[in-house]
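Student: File query-v4.cif follows (mmCIF, C-alpha atoms (C1' of nucleotides)):
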```cif
data_target
#
loop_
_atom_site.label_atom_id
_atom_site.label_comp_id
_atom_site.auth_asym_id
_atom_site.auth_seq_id
_atom_site.Cartn_x
_atom_site.Cartn_y
_atom_site.Cartn_z
CA MET A 618 0.00 0.00 0.00
CA ARG A 619 1.20 3.52 -0.74
CA ILE A 620 1.27 5.49 2.46
CA VAL A 621 2.08 8.99 3.59
CA PHE A 622 3.07 8.94 7.25
CA MET A 623 2.56 11.82 9.65
CA GLY A 624 3.99 11.79 13.15
CA THR A 625 6.53 13.39 15.40
CA PRO A 626 7.62 11.74 18.69
CA ASP A 627 8.96 8.33 19.63
CA PHE A 628 5.47 6.99 20.01
CA ALA A 629 5.02 7.38 16.24
CA VAL A 630 8.33 5.82 15.31
CA ARG A 631 7.18 2.28 16.10
CA SER A 632 4.27 2.63 13.74
CA LEU A 633 6.48 4.01 10.99
CA GLN A 634 8.93 1.16 11.38
CA ALA A 635 6.15 -1.40 11.47
CA LEU A 636 4.79 -0.09 8.19
CA LEU A 637 8.18 -0.36 6.57
CA GLN A 638 8.82 -3.84 7.93
CA ALA A 639 5.44 -5.00 6.75
CA GLY A 640 6.39 -3.98 3.25
CA HIS A 641 4.18 -0.95 2.86
CA ARG A 642 5.52 1.76 0.61
CA VAL A 643 5.93 4.79 2.81
CA THR A 644 6.74 7.39 0.18
CA LEU A 645 6.77 10.43 2.44
CA ALA A 646 7.09 11.20 6.12
CA VAL A 647 5.56 14.45 7.31
CA THR A 648 6.76 15.71 10.65
CA GLN A 649 7.08 18.91 12.62
CA PRO A 650 9.83 21.38 11.72
CA ASP A 651 13.18 21.15 13.47
CA LYS A 652 13.26 23.41 16.46
CA PRO A 653 15.97 24.64 18.75
CA LYS A 654 15.56 22.49 21.80
CA GLY A 655 17.21 21.61 25.02
CA ARG A 656 20.23 23.04 26.71
CA GLY A 657 22.06 25.47 24.48
CA ASN A 658 19.06 25.68 22.18
CA LYS A 659 20.57 23.27 19.70
CA VAL A 660 18.50 22.15 16.78
CA GLN A 661 17.24 18.60 17.10
CA PHE A 662 15.44 16.45 14.59
CA PRO A 663 12.09 15.01 15.69
CA PRO A 664 12.36 11.25 16.29
CA VAL A 665 10.21 10.46 13.26
CA LYS A 666 12.55 12.46 11.04
CA GLN A 667 15.53 10.56 12.36
CA ALA A 668 13.83 7.24 11.78
CA ALA A 669 12.65 8.24 8.31
CA LEU A 670 16.07 9.41 7.25
CA ALA A 671 17.63 6.22 8.55
CA ALA A 672 15.16 4.23 6.45
CA GLY A 673 15.60 6.37 3.39
CA VAL A 674 12.08 7.80 3.48
CA PRO A 675 11.78 11.37 2.18
CA VAL A 676 10.87 13.86 4.88
CA MET A 677 8.73 16.97 4.67
CA GLN A 678 8.42 19.45 7.54
CA PRO A 679 5.81 22.02 6.59
CA LEU A 680 4.94 24.87 8.89
CA THR A 681 1.29 24.35 8.06
CA LEU A 682 -0.80 21.84 6.17
CA LYS A 683 -3.07 24.65 5.02
CA ASP A 684 -0.49 25.62 2.43
CA PRO A 685 -1.88 24.48 -0.96
CA ALA A 686 1.62 23.71 -2.17
CA VAL A 687 2.08 21.33 0.74
CA GLN A 688 -1.27 19.71 0.01
CA ASP A 689 -0.28 19.31 -3.62
CA ALA A 690 2.94 17.65 -2.60
CA ILE A 691 1.07 15.14 -0.48
CA ARG A 692 -1.50 14.57 -3.19
CA ALA A 693 1.29 13.96 -5.67
CA GLU A 694 2.33 10.91 -3.67
CA GLN A 695 -1.05 9.36 -4.50
CA PRO A 696 -1.28 7.63 -1.14
CA ASP A 697 -3.84 4.89 -0.59
CA ALA A 698 -3.94 5.99 3.02
CA ILE A 699 -2.42 8.62 5.26
CA VAL A 700 -1.34 7.28 8.63
CA VAL A 701 -1.21 9.77 11.48
CA ALA A 702 0.40 9.05 14.84
CA ALA A 703 0.92 11.89 17.29
CA TYR A 704 1.65 14.38 14.56
CA GLY A 705 0.59 17.34 16.63
CA ARG A 706 -1.23 19.33 14.01
CA ILE A 707 -4.80 19.55 12.81
CA LEU A 708 -5.37 18.11 9.36
CA PRO A 709 -7.46 20.39 7.13
CA GLN A 710 -10.33 18.89 5.18
CA ALA A 711 -8.37 19.26 1.96
CA VAL A 712 -5.81 16.81 3.33
CA LEU A 713 -8.38 14.48 4.85
CA ASP A 714 -9.92 14.13 1.40
CA ILE A 715 -6.75 13.03 -0.33
CA PRO A 716 -6.43 9.28 0.33
CA PRO A 717 -9.17 6.91 -0.87
CA LEU A 718 -8.88 4.73 2.25
CA GLY A 719 -8.90 7.76 4.53
CA CYS A 720 -6.62 9.28 7.10
CA ILE A 721 -6.05 6.69 9.79
CA ASN A 722 -5.01 7.80 13.25
CA VAL A 723 -3.35 5.71 15.91
CA HIS A 724 -4.55 7.08 19.24
CA GLY A 725 -3.29 6.11 22.70
CA SER A 726 -6.58 5.50 24.45
CA LEU A 727 -9.81 3.60 24.15
CA LEU A 728 -11.93 6.23 22.44
CA PRO A 729 -14.14 8.05 23.04
CA ARG A 730 -12.38 8.31 26.37
CA TYR A 731 -9.26 10.45 26.63
CA ARG A 732 -9.52 12.40 23.43
CA GLY A 733 -6.74 14.91 23.03
CA ALA A 734 -3.03 15.47 23.39
CA ALA A 735 -2.04 13.47 26.45
CA PRO A 736 -4.23 10.36 26.67
CA VAL A 737 -1.51 8.06 27.94
CA GLN A 738 -0.29 10.30 30.77
CA ARG A 739 -3.83 11.22 31.79
CA ALA A 740 -4.86 7.60 32.05
CA VAL A 741 -2.02 6.87 34.44
CA LEU A 742 -2.55 10.12 36.29
CA ASN A 743 -6.16 9.22 36.92
CA GLY A 744 -5.28 5.79 38.20
CA GLU A 745 -6.95 3.93 35.36
CA THR A 746 -6.33 0.21 35.38
CA GLN A 747 -6.84 -0.17 31.68
CA SER A 748 -5.95 1.75 28.58
CA GLY A 749 -5.43 0.82 24.99
CA ILE A 750 -5.11 1.85 21.40
CA THR A 751 -7.80 2.97 19.02
CA THR A 752 -7.35 3.28 15.29
CA MET A 753 -9.84 5.61 13.76
CA LEU A 754 -10.85 7.41 10.64
CA MET A 755 -9.96 11.02 11.11
CA ASP A 756 -12.46 13.79 10.62
CA LYS A 757 -12.36 17.50 11.30
CA GLY A 758 -12.81 17.19 15.06
CA MET A 759 -10.28 16.43 17.75
CA ASP A 760 -10.12 12.62 17.89
CA THR A 761 -13.80 12.37 17.02
CA GLY A 762 -13.62 10.15 13.96
CA ALA A 763 -15.19 6.74 13.44
CA ILE A 764 -13.51 3.90 15.31
CA LEU A 765 -11.89 1.21 13.21
CA LEU A 766 -10.22 -1.17 15.67
CA THR A 767 -9.33 -1.14 19.34
CA ALA A 768 -6.89 -3.07 21.51
CA ALA A 769 -6.99 -2.92 25.29
CA CYS A 770 -3.98 -2.97 27.57
CA PRO A 771 -3.90 -3.28 31.37
CA ILE A 772 -2.09 -0.66 33.45
CA PRO A 773 -0.32 -2.32 36.39
CA PRO A 774 -0.34 -0.34 39.66
CA ASP A 775 3.26 0.85 39.38
CA MET A 776 3.55 1.39 35.65
CA THR A 777 4.75 4.81 34.55
CA ALA A 778 3.42 6.79 31.64
CA GLY A 779 6.70 6.19 29.85
CA GLU A 780 6.38 2.44 30.23
CA LEU A 781 2.79 2.54 29.08
CA PHE A 782 3.89 4.62 26.12
CA ASP A 783 6.34 1.95 25.08
CA LYS A 784 3.77 -0.76 25.39
CA LEU A 785 1.08 1.17 23.56
CA ALA A 786 3.48 2.11 20.80
CA ASP A 787 4.01 -1.57 20.13
CA ILE A 788 0.36 -2.42 20.37
CA GLY A 789 -0.48 0.56 18.19
CA ALA A 790 1.95 -0.48 15.51
CA GLN A 791 0.45 -3.97 15.34
CA LEU A 792 -3.09 -2.70 15.41
CA LEU A 793 -2.25 -0.26 12.65
CA LEU A 794 -1.12 -3.04 10.35
CA ARG A 795 -4.29 -5.02 10.99
CA THR A 796 -6.37 -1.93 10.45
CA LEU A 797 -4.77 -1.23 7.10
CA ASP A 798 -5.21 -4.81 5.95
CA GLU A 799 -8.86 -4.97 6.86
CA ARG A 800 -9.55 -1.49 5.63
CA GLN A 801 -8.01 -2.34 2.30
CA ALA A 802 -10.12 -5.49 2.14
CA GLY A 803 -13.20 -3.35 2.63
CA ARG A 804 -14.17 -4.89 5.95
CA LEU A 805 -13.81 -1.77 8.09
CA PRO A 806 -16.37 0.94 7.46
CA GLY A 807 -15.85 2.39 10.94
CA THR A 808 -18.12 2.81 13.94
CA PRO A 809 -19.16 6.30 15.06
CA GLN A 810 -18.08 7.31 18.56
CA ASP A 811 -20.62 7.91 21.29
CA ASP A 812 -19.92 11.54 22.06
CA ALA A 813 -21.81 11.29 25.35
CA LEU A 814 -19.03 9.06 26.72
CA ALA A 815 -16.20 11.31 25.58
CA THR A 816 -13.60 12.61 28.03
CA TYR A 817 -10.64 14.82 27.32
CA ALA A 818 -6.95 14.56 28.01
CA PRO A 819 -5.37 17.99 27.71
CA MET A 820 -1.63 18.49 27.54
CA LEU A 821 0.25 18.31 30.81
CA THR A 822 1.27 21.60 32.35
CA LYS A 823 4.14 22.46 34.63
CA GLN A 824 1.81 23.38 37.45
CA GLU A 825 0.63 19.80 37.64
CA ALA A 826 4.12 18.65 38.49
CA GLU A 827 4.15 19.99 42.06
CA LEU A 828 3.30 17.38 44.68
CA ASN A 829 0.74 18.44 47.28
CA TRP A 830 1.23 16.33 50.37
CA ALA A 831 -2.29 17.08 51.56
CA LEU A 832 -3.54 14.69 48.90
CA PRO A 833 -3.92 10.94 49.43
CA ALA A 834 -0.80 8.84 48.89
CA GLN A 835 -2.34 6.82 46.11
CA GLN A 836 -3.22 9.95 44.19
CA LEU A 837 0.32 11.29 44.55
CA HIS A 838 1.68 7.94 43.44
CA ASN A 839 -0.46 8.17 40.32
CA GLN A 840 0.77 11.69 39.76
CA VAL A 841 4.38 10.58 39.94
CA ARG A 842 3.75 7.70 37.54
CA GLY A 843 1.78 9.79 35.10
CA LEU A 844 4.37 12.54 34.93
CA ASN A 845 7.28 10.14 34.38
CA PRO A 846 9.27 10.52 32.11
CA ALA A 847 8.08 14.09 31.52
CA PRO A 848 7.63 16.61 32.97
CA VAL A 849 8.24 14.62 36.20
CA ALA A 850 6.73 15.29 39.61
CA ARG A 851 8.52 17.84 41.76
CA THR A 852 8.79 18.79 45.37
CA VAL A 853 11.30 20.32 47.76
CA MET A 854 13.53 18.19 49.97
CA ALA A 855 16.23 19.42 52.33
CA GLY A 856 15.81 22.84 50.78
CA LEU A 857 16.45 21.58 47.27
CA PRO A 858 13.99 21.34 44.42
CA VAL A 859 13.88 17.69 43.45
CA LYS A 860 12.18 15.57 40.87
CA ILE A 861 10.45 12.42 42.02
CA TYR A 862 10.67 9.62 39.49
CA ARG A 863 9.36 6.64 41.37
CA THR A 864 7.32 6.08 44.47
CA ALA A 865 5.42 3.33 46.23
CA ALA A 866 2.26 3.73 48.24
CA GLY A 867 2.95 2.64 51.81
CA GLY A 868 0.94 1.84 54.89
CA PRO A 869 -0.56 4.03 57.62
CA VAL A 870 1.82 6.52 59.23
CA LYS A 871 1.60 9.24 61.84
CA GLY A 872 2.41 12.89 61.51
CA ARG A 873 1.38 15.98 59.66
CA PRO A 874 1.21 15.81 55.87
CA GLY A 875 4.52 16.76 54.30
CA THR A 876 6.70 15.48 57.11
CA VAL A 877 9.16 12.63 56.96
CA ALA A 878 7.67 9.52 58.54
CA SER A 879 10.72 7.33 58.07
CA THR A 880 14.09 7.43 56.39
CA SER A 881 14.42 3.80 55.40
CA PRO A 882 12.66 3.69 53.16
CA LEU A 883 12.21 7.43 52.79
CA THR A 884 8.52 7.87 53.50
CA VAL A 885 6.48 11.05 53.54
CA VAL A 886 3.19 11.54 55.33
CA CYS A 887 0.30 12.23 52.98
CA GLY A 888 -3.08 13.78 53.52
CA ASP A 889 -4.95 10.53 54.07
CA GLY A 890 -2.64 9.39 56.84
CA THR A 891 -0.73 6.90 54.72
CA GLY A 892 2.85 7.17 53.61
CA LEU A 893 4.35 7.61 50.19
CA GLU A 894 7.74 5.98 49.80
CA LEU A 895 10.10 7.98 47.62
CA LEU A 896 12.23 5.53 45.69
CA GLU A 897 14.06 7.46 42.99
CA VAL A 898 14.78 11.17 43.08
CA GLN A 899 16.87 13.81 41.34
CA PRO A 900 17.98 17.08 42.90
CA ASP A 901 18.45 20.16 40.77
CA GLY A 902 21.77 19.88 39.02
CA GLY A 903 22.24 16.27 40.03
CA LYS A 904 21.62 12.89 38.56
CA ARG A 905 18.79 10.52 39.20
CA MET A 906 19.54 8.43 42.25
CA PRO A 907 17.92 6.09 44.73
CA ALA A 908 16.44 7.96 47.67
CA ALA A 909 18.92 6.22 49.99
CA ALA A 910 21.81 7.82 48.10
CA PHE A 911 20.20 11.22 48.36
CA LEU A 912 19.94 10.78 52.10
CA CYS A 913 23.68 10.13 52.41
CA GLY A 914 24.52 13.63 51.34
CA HIS A 915 21.35 15.39 52.44
CA PRO A 916 20.48 14.19 55.92
CA LEU A 917 16.79 14.11 56.72
CA LYS A 918 15.30 12.93 59.98
CA ALA A 919 11.96 11.41 60.80
CA GLY A 920 9.52 14.11 61.83
CA GLN A 921 11.26 16.74 59.78
CA ILE A 922 9.16 18.82 57.44
CA LEU A 923 9.99 17.89 53.90
CA ALA A 924 8.61 20.84 52.01
CA GLU A 925 8.72 24.38 53.28
CA LYS A 926 5.09 24.82 52.35
CA GLU A 927 2.30 24.29 54.81
CA PHE A 928 -0.64 22.30 53.69
"C1'" C B 1002 26.38 32.87 21.48
"C1'" G B 1003 19.32 31.63 25.97
"C1'" C B 1004 19.99 31.32 31.93
"C1'" G B 1005 22.20 28.39 35.71
"C1'" G B 1006 24.29 24.16 38.98
"C1'" G B 1007 28.04 20.43 39.09
"C1'" G B 1008 32.67 16.73 38.34
"C1'" U B 1009 36.67 15.33 45.66
"C1'" A B 1010 37.00 7.09 48.26
"C1'" G B 1011 32.16 2.11 45.51
"C1'" A B 1012 27.46 5.87 46.38
"C1'" G B 1013 25.72 10.75 48.02
"C1'" C B 1014 27.94 15.23 49.85
"C1'" A B 1015 31.27 19.05 52.75
"C1'" G B 1016 35.83 21.54 52.04
"C1'" U B 1017 36.91 26.25 47.25
"C1'" C B 1018 34.98 32.79 49.02
"C1'" U B 1019 39.63 33.82 53.24
"C1'" G B 1020 45.70 28.77 49.22
"C1'" G B 1021 49.11 25.40 53.97
"C1'" U B 1022 47.33 17.85 57.74
"C1'" A B 1023 41.80 14.73 52.50
"C1'" G B 1024 36.62 15.30 55.88
"C1'" C B 1025 31.11 13.58 56.69
"C1'" U B 1026 27.03 10.00 55.99
"C1'" C B 1027 26.27 5.29 53.69
"C1'" G B 1028 28.50 0.99 51.72
"C1'" U B 1029 32.70 -2.40 52.21
"C1'" C B 1030 36.40 -5.41 55.26
"C1'" G B 1031 37.90 -7.02 60.29
"C1'" G B 1032 36.72 -7.28 65.48
"C1'" G B 1033 33.14 -6.71 69.61
"C1'" C B 1034 28.12 -6.94 71.77
"C1'" U B 1035 23.63 -9.99 71.29
"C1'" C B 1036 19.24 -15.61 71.47
"C1'" A B 1037 19.63 -12.68 67.11
"C1'" U B 1038 19.94 -8.52 63.58
"C1'" A B 1039 19.50 -4.46 58.29
"C1'" A B 1040 20.42 -2.37 65.31
"C1'" C B 1041 24.63 -0.74 68.50
"C1'" C B 1042 30.22 -0.17 69.78
"C1'" C B 1043 35.55 -0.33 68.11
"C1'" G B 1044 39.06 -0.51 64.24
"C1'" G B 1045 40.84 -0.81 58.95
"C1'" A B 1046 41.11 -0.42 53.69
"C1'" G B 1047 39.88 2.67 49.81
"C1'" G B 1048 41.08 9.44 46.68
"C1'" U B 1049 46.28 11.04 40.00
"C1'" C B 1050 40.46 16.23 44.22
"C1'" A B 1051 37.27 15.51 35.69
"C1'" U B 1052 41.48 16.54 32.04
"C1'" G B 1053 45.95 19.74 30.93
"C1'" U B 1054 54.68 17.83 30.69
"C1'" G B 1055 48.89 24.64 31.60
"C1'" G B 1056 49.63 29.65 34.39
"C1'" U B 1057 50.44 32.23 39.36
"C1'" U B 1058 52.81 30.75 44.13
"C1'" C B 1059 57.57 28.73 48.84
"C1'" A B 1060 52.94 25.93 48.60
"C1'" A B 1061 46.85 24.73 44.59
"C1'" A B 1062 40.97 20.48 45.69
"C1'" U B 1063 41.13 25.87 46.67
"C1'" C B 1064 43.20 31.49 42.54
"C1'" C B 1065 43.74 32.14 36.74
"C1'" C B 1066 43.37 29.91 31.62
"C1'" A B 1067 41.84 26.09 28.20
"C1'" U B 1068 39.35 21.49 27.16
"C1'" C B 1069 36.03 17.25 28.11
"C1'" C B 1070 31.77 15.30 30.55
"C1'" C B 1071 27.01 15.38 33.70
"C1'" C B 1072 22.62 17.95 35.14
"C1'" G B 1073 18.47 21.75 36.28
"C1'" C B 1074 15.57 25.93 34.10
"C1'" A B 1075 13.69 28.37 29.92
"C1'" A B 1076 12.02 27.51 24.83
#
```
Would it be possible to restate this file's structure as structure tokens?
Tutor:
Amino acid sequence: MRIVFMGTPDFAVRSLQALLQAGHRVTLAVTQPDKPKGRGNKVQFPPVKQAALAAGVPVMQPLTLKDPAVQDAIRAEQPDAIVVAAYGRILPQAVLDIPPLGCINVHGSLLPRYRGAAPVQRAVLNGETQSGITTMLMDKGMDTGAILLTAACPIPPDMTAGELFDKLADIGAQLLLRTLDERQAGRLPGTPQDDALATYAPMLTKQEAELNWALPAQQLHNQVRGLNPAPVARTVMAGLPVKIYRTAAGGPVKGRPGTVASTSPLTVVCGDGTGLELLEVQPDGGKRMPAAAFLCGHPLKAGQILAEKEF
RNA sequence: CGCGGGGUAGAGCAGUCUGGUAGCUCGUCGGGCUCAUAACCCGGAGGUCAUGUGGUUCAAAUCCCAUCCCCGCAA
């Protein structure tokens, strides 16, 4: 099948590679423009661009898909289908109309739940025990198109958003191949979504990264998981801003929320009277390390207030 | 030229401003205590102080210069 691929981050790379391995002819990869990123503002290629270049697939990085010249370029590829995975831009109707088999999106949730930019992180953040992948026929709305196929995936209690991302990327790639096969065979007309059941998963913001010890331990644990690997939960320990990468919900503890209940393992009192064990942390300017290592150089005692804030 | 923190024992840190004996917590090894222990006590080993036949100095982890590497913020 002739395919134009649109995607940007790592999540999309698996799907691109799966298409190539399955023998589909990906004649063009459309991805976001290179941007100065990271320390020093160096220009970095989006992961999909790197993967496409490595595979010898031509890359296009338009500023907007509304540009008729861009649309013409895509049309000129005469794709049977356009595959979209976390591209990050709205597709105008003129583009949606190009491929005869439609624009097929690989979305990281079981639609109509978690429409939007951050379905994977939001699912973990909300403590969902199940997520999945939906392939759908794109329309003008935000993740509102007809459902083609779905595949569910359990979320274990300690799984991070990053781990779920990896898993879903694999599942999504496989589901995509099946979707294309069946769609090509004419067996997948698509099922409309029930808008009444729709929920939304907006992008994560920095403000959501701060841990509020007045909240229940389980909720904070979910927050830590959902924000890993980015932007990562934050708090203040021993006067230093630190990121919290991994935690474990512990048992009942005594003390005011935000105080240290124990130092081995490092446990903080939460709002519901249970403890949250901090397992892996990273101080500003330092590397990720086990909490025990942090304690070697930054002594904390039981009963001490962890954050300077009062809750 | 976006802003900033850092590289000292296996790990995490102090010491750098005000140059002069290599320090702390943990780990590790040995011994002791104990019914026993991840607990406690005593003792030991372990460091080219990122790199540089660099500069200054009587003397550099410390001041100056250059290079490499790690990380936080912002975008």
Student: Using all atoms listed in the file, what table do you get, as a tab-separated table, when you list each residue of chain A with an atom no more than 8 Å from chain B, its nearest pair of atoms, and their distance in Å rounded to one decimal, rows by chain then rising number?
Tutor:
```
residue	atom	partner	partner_atom	distance
A:Pro653	CA	B:A1076	C1'	7.8
A:Lys654	CA	B:A1076	C1'	6.8
A:Gly655	CA	B:A1076	C1'	7.9
A:Gly657	CA	B:G1003	C1'	6.9
A:Asn658	CA	B:G1003	C1'	7.1
A:Asp901	CA	B:G1073	C1'	4.8
A:Gly902	CA	B:C1072	C1'	4.4
A:Gly903	CA	B:C1072	C1'	5.2
A:Lys904	CA	B:C1072	C1'	6.2
A:Ala910	CA	B:G1013	C1'	4.9
A:Phe911	CA	B:G1013	C1'	5.6
A:Leu912	CA	B:G1013	C1'	7.1
A:Cys913	CA	B:G1013	C1'	4.9
A:Gly914	CA	B:C1014	C1'	4.1
A:His915	CA	B:C1014	C1'	7.1
A:Pro916	CA	B:U1026	C1'	7.8
```
Student: If you count all atoms listed in the file, which residues fall within 9 Å of G1016 of chain B, apart from same-chain ones fewer than 6 positions away, as a CSV table (one decimal) with C-alpha atoms (C1' of nucleotides), keeping the file's coordinate frame?
Tutor:
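For reference, selection33.csv as written:
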```csv
chain,number,residue,atom,x,y,z
B,1009,U,C1',36.7,15.3,45.7
B,1024,G,C1',36.6,15.3,55.9
B,1062,A,C1',41.0,20.5,45.7
B,1063,U,C1',41.1,25.9,46.7
```
Student: Take atom CA of Gly789 of chain A and atom CA of Lys757 of chain A and report the distance between them in Å, one decimal.
Tutor: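 Computing it gives 21.8 Å between the two atoms.
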Student: Quick one: residues within 12 Å of G1032 of chain B, only C-alpha atoms (C1' of nucleotides) counted, chain neighbours fewer than 6 positions away excluded, as a ChimeraX atom specification?
Tutor: /B:1042-1045
Student: Could you jot down the atom CA of Thr625 of chain A to atom CA of Leu766 of chain A separation for me, Å, one decimal place?
Tutor: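 Atom CA of Leu766 of chain A lies 22.2 Å from atom CA of Thr625 of chain A.
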Student: Using all atoms listed in the file, determine which residues lie at most 9 Å from Lys871 of chain A, disregarding the query and same-chain residues fewer than 6 positions distant; provide the list as a list in words.
Tutor: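 Skipping anything fewer than 6 positions along the chain leaves Ala878, Val886, Gly890, Thr891 and Gly892 of chain A.
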Student: Of the residues A:Glu694, A:Asp787, A:Asp689, A:Asp760, which is the one nearest to Arg706 of chain A, using all atoms listed in the file?
Tutor: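 Closest to Arg706 of chain A, using all atoms listed in the file: A:Asp760.
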Student: For atom CA of Gly872 of chain A and atom CA of Glu825 of chain A, quote the distance in Å rounded to one decimal.
Tutor: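 Separation of atom CA of Gly872 of chain A and atom CA of Glu825 of chain A: 24.9 Å.
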Student: Need the shell around Thr876 of chain A: protein/DNA/RNA residues with any atom at most 9 Å away, counting all atoms listed in the file. Skip same-chain ones fewer than 4 positions apart. Format as a list in words?
Tutor: Trp830, Gly872, Thr884, Val885, Val886, Cys887, Ala919, Gly920, Gln921, Ile922, Leu923 and Ala924 of chain A
